[in-house]
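K.L.:
Got a structure for you, written out below as structure tokens; questions coming shortly.
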Amino acid sequence: MLLGGRLRRLREAAGISREDAGESIRGSHSKISRLELGRTGFRERDLVDLLALYGVTDPTEREEFLELARQANASGWWHRDNDWLPKWFDTYLGLEQAARLIRCYEPRAVPELLQTADYARALLSLAHPNESFAAIERRVALRMRRQHILTRPEPPRIWVIVEEAALRRRIGGSAVWLEQLDRLLEAVDQPNITLQVLADHVGGPALADGAFTMLRFTESDLPDIVYLQQLTSALYLDKQADLAAYRAVANMLSVHASPPQYTRGLLEALRDRQPPTVDEPTGMN
């Protein structure tokens with residue numbers, strides 16, 4: 001996306017149409033559009049030809065573009081899961097790794113970046129009831145590996161708004177649920193994580209159609225992205241009108257949710273005041 005955006009500005013500055021640029025690399029205007037939007041990888045030959053067409057002759061500048069292309073084409077750590085990972089989610093993983101701010105609203109469950117392994121396993125088993133234990137474990141391992149961004153040097157800022165009802169839902173049983181609440185209590189102490197709880201009476205689902213994630217990147221050349229995950233696909237929104245609409249909803253949700261400084265007390269109350277439940281029947285004497 002970064003490389004594509006820079007190439008688009010070069011093309012526009014040179015007064016060259018997408019059709020003419022596509023012709024120079026033996027392609028079409030739609031291929032240029034995909035390249036400029038970051039929707040497809042770059043071949044070095046195509047990049048060299050485009051730079052020549054746009055008048056980029058300085059060796060240092062050309063090498064900077066080529067290095068960006070090599071980085072863009074490099075496989076991420078999740079490449080080993082490509083045998084089952086859908087392409088639309090592969091794209092999201094790359095964006096998530098590059099984000100400096102991840103802002104999300106989740107009405108149904110604890111957000112994936114804050115889930116424990118057992119909680120994730122219970123959710124994934126419900127979502128994929130016909131998959132083998134080994135397949136579920138691969139999904140769990142991927143989700144846990146994603147969470148490494150939270151503790152890496154210069155981690156992204158995470159701003160999460162989660163429904164109170166989602167926190168009360170005892171996914172996986174009482175023991176798993178309590179462990180998950182403890183994980184959230186640890187998370188709120190991390191300086192890069194902000195967690196807000198939206199009380200049931202506020203009616204978050206009336207303010208937003210469903211879960212969404214907004215990503216912002218370090219590079220100013222990259223637009224924000226709104227990610228909407230569906231059952232078998234996902235939407236990536238980057239038009240200004242869409243971004244403005246979701247940003248307004250996110251701001252409204254954050255205003256109606258309890259302030260972050262109250263989150264610890266809410267989690268502790270939820271953990272301590274809920275009546276105990278039995279996950280499995282006990283034997284009769």
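Letters A, B, ... mark the chains of the structure tokens in the order given; residue numbers begin at 1 per chain; ligand numbers begin at 1, in order shown.
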Can you list, as a PyMOL selection string, every protein, DNA or RNA residue that comes within 9 Å of stretch 265-273 of chain A when you count only C-alpha atoms, leaving out same-chain residues fewer than 2 positions away?

P.N.:
chain A and resi 167-168+177-178+181-182+184-185+197+261-263+275-276

K.L.:
Next, write the just-selected residues to a file, as a JSON list (two decimals), in the first residue's frame, keeping N, CA, C and O atoms as the atom set.

P.N.:
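Result saved to selection_22.json:
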[["chain", "number", "residue", "atom", "x", "y", "z"],
["A", 167, "LEU", "N", -18.51, -9.84, 27.95],
["A", 167, "LEU", "CA", -17.65, -10.21, 29.07],
["A", 167, "LEU", "C", -18.34, -11.19, 30.01],
["A", 167, "LEU", "O", -17.68, -12.00, 30.68],
["A", 168, "ARG", "N", -19.64, -11.11, 30.10],
["A", 168, "ARG", "CA", -20.37, -12.02, 30.99],
["A", 168, "ARG", "C", -20.56, -13.41, 30.38],
["A", 168, "ARG", "O", -20.86, -14.36, 31.10],
["A", 177, "TRP", "N", -13.42, -18.90, 31.70],
["A", 177, "TRP", "CA", -13.93, -17.53, 31.77],
["A", 177, "TRP", "C", -13.18, -16.73, 32.82],
["A", 177, "TRP", "O", -12.79, -15.58, 32.58],
["A", 178, "LEU", "N", -12.95, -17.31, 34.00],
["A", 178, "LEU", "CA", -12.23, -16.59, 35.06],
["A", 178, "LEU", "C", -10.80, -16.30, 34.64],
["A", 178, "LEU", "O", -10.26, -15.22, 34.91],
["A", 181, "LEU", "N", -10.87, -13.33, 32.34],
["A", 181, "LEU", "CA", -11.00, -12.05, 33.06],
["A", 181, "LEU", "C", -9.67, -11.64, 33.69],
["A", 181, "LEU", "O", -9.31, -10.46, 33.68],
["A", 182, "ASP", "N", -8.93, -12.61, 34.23],
["A", 182, "ASP", "CA", -7.61, -12.31, 34.79],
["A", 182, "ASP", "C", -6.67, -11.78, 33.72],
["A", 182, "ASP", "O", -5.87, -10.87, 33.96],
["A", 184, "LEU", "N", -7.56, -10.07, 31.09],
["A", 184, "LEU", "CA", -7.95, -8.69, 30.82],
["A", 184, "LEU", "C", -7.46, -7.74, 31.92],
["A", 184, "LEU", "O", -7.07, -6.60, 31.64],
["A", 185, "LEU", "N", -7.46, -8.22, 33.15],
["A", 185, "LEU", "CA", -6.96, -7.40, 34.25],
["A", 185, "LEU", "C", -5.47, -7.13, 34.06],
["A", 185, "LEU", "O", -4.98, -6.05, 34.41],
["A", 197, "VAL", "N", -15.51, -0.69, 28.72],
["A", 197, "VAL", "CA", -16.66, -1.60, 28.76],
["A", 197, "VAL", "C", -17.93, -0.80, 28.51],
["A", 197, "VAL", "O", -18.16, 0.24, 29.15],
["A", 261, "GLN", "N", -10.39, 4.29, 33.28],
["A", 261, "GLN", "CA", -9.93, 4.15, 34.67],
["A", 261, "GLN", "C", -10.89, 3.33, 35.52],
["A", 261, "GLN", "O", -10.54, 2.89, 36.61],
["A", 262, "TYR", "N", -12.11, 3.11, 35.02],
["A", 262, "TYR", "CA", -13.08, 2.30, 35.76],
["A", 262, "TYR", "C", -13.07, 0.83, 35.32],
["A", 262, "TYR", "O", -13.75, 0.00, 35.93],
["A", 263, "THR", "N", -12.31, 0.51, 34.29],
["A", 263, "THR", "CA", -12.37, -0.84, 33.73],
["A", 263, "THR", "C", -11.91, -1.90, 34.73],
["A", 263, "THR", "O", -12.54, -2.95, 34.86],
["A", 275, "PRO", "N", -22.30, -15.47, 40.51],
["A", 275, "PRO", "CA", -22.45, -16.71, 41.27],
["A", 275, "PRO", "C", -21.65, -17.83, 40.62],
["A", 275, "PRO", "O", -21.53, -17.88, 39.39],
["A", 276, "PRO", "N", -21.06, -18.71, 41.41],
["A", 276, "PRO", "CA", -20.28, -19.80, 40.84],
["A", 276, "PRO", "C", -21.18, -20.74, 40.04],
["A", 276, "PRO", "O", -22.35, -20.93, 40.37]]

K.L.:
Please identify the strand (DSSP E) residues within stretch 100-269 of chain A (assignment by DSSP from backbone atoms) and present them as a PyMOL selection string.

P.N.:
chain A and resi 100-106+157-163+193-198+212-217+225-229+234-237

K.L.:
So which bits of stretch 167-277 of chain A end up helix (DSSP H, G or I) when you DSSP the backbone, as a ChimeraX atom specification?

P.N.:
/A:167-168,174-187,200-202,204-207,240-256,260-273

K.L.:
Have a look at atom CA of A:Ser174 and atom CA of A:His128 and let me know their distance in Å, one decimal.

P.N.:
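Rounded to one decimal, the two atoms are 21.5 Å apart.
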
K.L.:
Using only C-alpha atoms, which protein or nucleic acid residues come within 8 Å of stretch 236-241 of chain A? Drop anything in the same chain fewer than 4 positions from it, and give the result as a PyMOL selection string.

P.N.:
chain A and resi 223-228+245

K.L.:
Take the residues from that selection and put them in a file with C-alpha atoms, as an mmCIF file, in the first residue's frame.

P.N.:
data_model
loop_
_atom_site.group_PDB
_atom_site.id
_atom_site.type_symbol
_atom_site.label_atom_id
_atom_site.label_comp_id
_atom_site.auth_asym_id
_atom_site.auth_seq_id
_atom_site.Cartn_x
_atom_site.Cartn_y
_atom_site.Cartn_z
ATOM 1 C CA PRO A 223 -4.848 5.762 4.682
ATOM 2 C CA ASP A 224 -6.696 4.378 7.673
ATOM 3 C CA ILE A 225 -8.446 1.064 7.046
ATOM 4 C CA VAL A 226 -11.748 -0.205 8.458
ATOM 5 C CA TYR A 227 -11.850 -3.995 8.599
ATOM 6 C CA LEU A 228 -15.198 -5.817 8.706
ATOM 7 C CA ALA A 245 -18.707 7.272 9.456
#

K.L.:
Nearest to A:Pro260: which of A:Arg247, A:Val162, A:Glu219, A:Leu3 is it, counting only C-alpha atoms?

P.N.:
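Looking at the shortest contact to A:Pro260, the residue is A:Val162.
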
K.L.:
Env of A:Thr213: 10 Å cut, atoms = only C-alpha atoms, seq-sep filter 2 positions within chain, self excluded. Answer as a PyMOL selection string.

P.N.:
chain A and resi 96+102-106+159-160+211+215+225-229+236+246+250

K.L.:
Would you mind listing what lies within 6 Å of stretch 29-38 of chain A as a ChimeraX atom specification, with only C-alpha atoms counted and same-chain residues fewer than 4 positions away left out?

P.N.:
/A:1,4-5,8,18-19,22

K.L.:
Report the distance between atom CA of A:Leu198 and atom CA of A:Ile158 in Å, rounded to one decimal place.

P.N.:
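That distance, rounded to one decimal, is 16.4 Å.
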
K.L.:
Taking only C-alpha atoms into account, which of A:Val48, A:Leu93, A:Leu101, A:Leu123 comes nearest A:Arg216?

P.N.:
A:Leu101

K.L.:
Measuring between only C-alpha atoms, which one of A:Arg62, A:Arg143, A:Arg45, A:Arg108 shows the shortest distance to A:Leu85?

P.N.:
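With only C-alpha atoms as the atom set, the closest residue is A:Arg143.
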
K.L.:
If I take atom CA of A:Leu7 and atom CA of A:Pro156, how far is one from the other in Å, to one decimal?

P.N.:
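It comes out at 26.7 Å.
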
K.L.:
Pick the closest to A:Thr116 from A:Asp209, A:Glu186, A:Asp242, A:Asp46: which is it, counting only C-alpha atoms?

P.N.:
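Looking at the shortest contact to A:Thr116, the residue is A:Glu186.
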
K.L.:
Hey, which of A:Glu163, A:Leu231, A:Leu222, A:Ala21 ends up closest to A:Pro107? Count only C-alpha atoms.

P.N.:
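Smallest distance to A:Pro107 is found for A:Glu163.
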
K.L.:
Near A:Glu67, within 10 Å and counting only C-alpha atoms, which residues show up once chain neighbours fewer than 6 positions away are dropped, as a VMD selection string?

P.N.:
chain A and resid 3 44 61 73

K.L.:
With distances taken over only C-alpha atoms, which of A:Phe65, A:Phe217, A:Phe42, A:Trp78 is nearest to A:Met144?

P.N.:
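Under the stated criterion, the closest residue is A:Trp78.
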
K.L.:
With only C-alpha atoms as the counted atoms, please give the residues lying no more than 9 Å from A:Arg121, apart from itself and same-chain residues fewer than 6 positions off, as an mmCIF file with all heavy atoms, in the first residue's frame.

P.N.:
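Saved the output as out22.cif:
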data_model
loop_
_atom_site.group_PDB
_atom_site.id
_atom_site.type_symbol
_atom_site.label_atom_id
_atom_site.label_comp_id
_atom_site.auth_asym_id
_atom_site.auth_seq_id
_atom_site.Cartn_x
_atom_site.Cartn_y
_atom_site.Cartn_z
ATOM 1 N N ILE A 136 -7.911 -27.114 14.829
ATOM 2 C CA ILE A 136 -8.264 -26.078 15.807
ATOM 3 C C ILE A 136 -7.011 -25.563 16.505
ATOM 4 O O ILE A 136 -6.853 -24.352 16.731
ATOM 5 C CB ILE A 136 -9.270 -26.613 16.833
ATOM 6 C CG1 ILE A 136 -10.606 -26.937 16.163
ATOM 7 C CG2 ILE A 136 -9.474 -25.618 17.972
ATOM 8 C CD1 ILE A 136 -11.330 -25.730 15.595
ATOM 9 N N GLU A 137 -6.092 -26.466 16.834
ATOM 10 C CA GLU A 137 -4.865 -26.060 17.512
ATOM 11 C C GLU A 137 -4.030 -25.131 16.636
ATOM 12 O O GLU A 137 -3.373 -24.213 17.139
ATOM 13 C CB GLU A 137 -4.048 -27.291 17.926
ATOM 14 C CG GLU A 137 -4.651 -28.055 19.098
ATOM 15 C CD GLU A 137 -4.851 -27.167 20.316
ATOM 16 O OE1 GLU A 137 -3.863 -26.637 20.848
ATOM 17 O OE2 GLU A 137 -6.024 -26.985 20.727
ATOM 18 N N ARG A 139 -5.243 -23.006 14.501
ATOM 19 C CA ARG A 139 -5.926 -21.712 14.568
ATOM 20 C C ARG A 139 -5.604 -21.001 15.889
ATOM 21 O O ARG A 139 -5.385 -19.789 15.915
ATOM 22 C CB ARG A 139 -7.434 -21.907 14.435
ATOM 23 C CG ARG A 139 -7.886 -22.356 13.044
ATOM 24 C CD ARG A 139 -9.410 -22.479 12.985
ATOM 25 N NE ARG A 139 -9.882 -22.925 11.689
ATOM 26 C CZ ARG A 139 -10.130 -22.116 10.652
ATOM 27 N NH1 ARG A 139 -9.952 -20.820 10.784
ATOM 28 N NH2 ARG A 139 -10.565 -22.608 9.514
ATOM 29 N N VAL A 140 -5.594 -21.758 16.975
ATOM 30 C CA VAL A 140 -5.266 -21.178 18.286
ATOM 31 C C VAL A 140 -3.833 -20.644 18.285
ATOM 32 O O VAL A 140 -3.564 -19.525 18.755
ATOM 33 C CB VAL A 140 -5.449 -22.218 19.406
ATOM 34 C CG1 VAL A 140 -4.932 -21.671 20.739
ATOM 35 C CG2 VAL A 140 -6.910 -22.611 19.541
ATOM 36 N N GLY A 172 -16.446 -21.423 27.142
ATOM 37 C CA GLY A 172 -15.524 -22.448 27.617
ATOM 38 C C GLY A 172 -15.747 -22.911 29.036
ATOM 39 O O GLY A 172 -15.039 -23.795 29.525
#
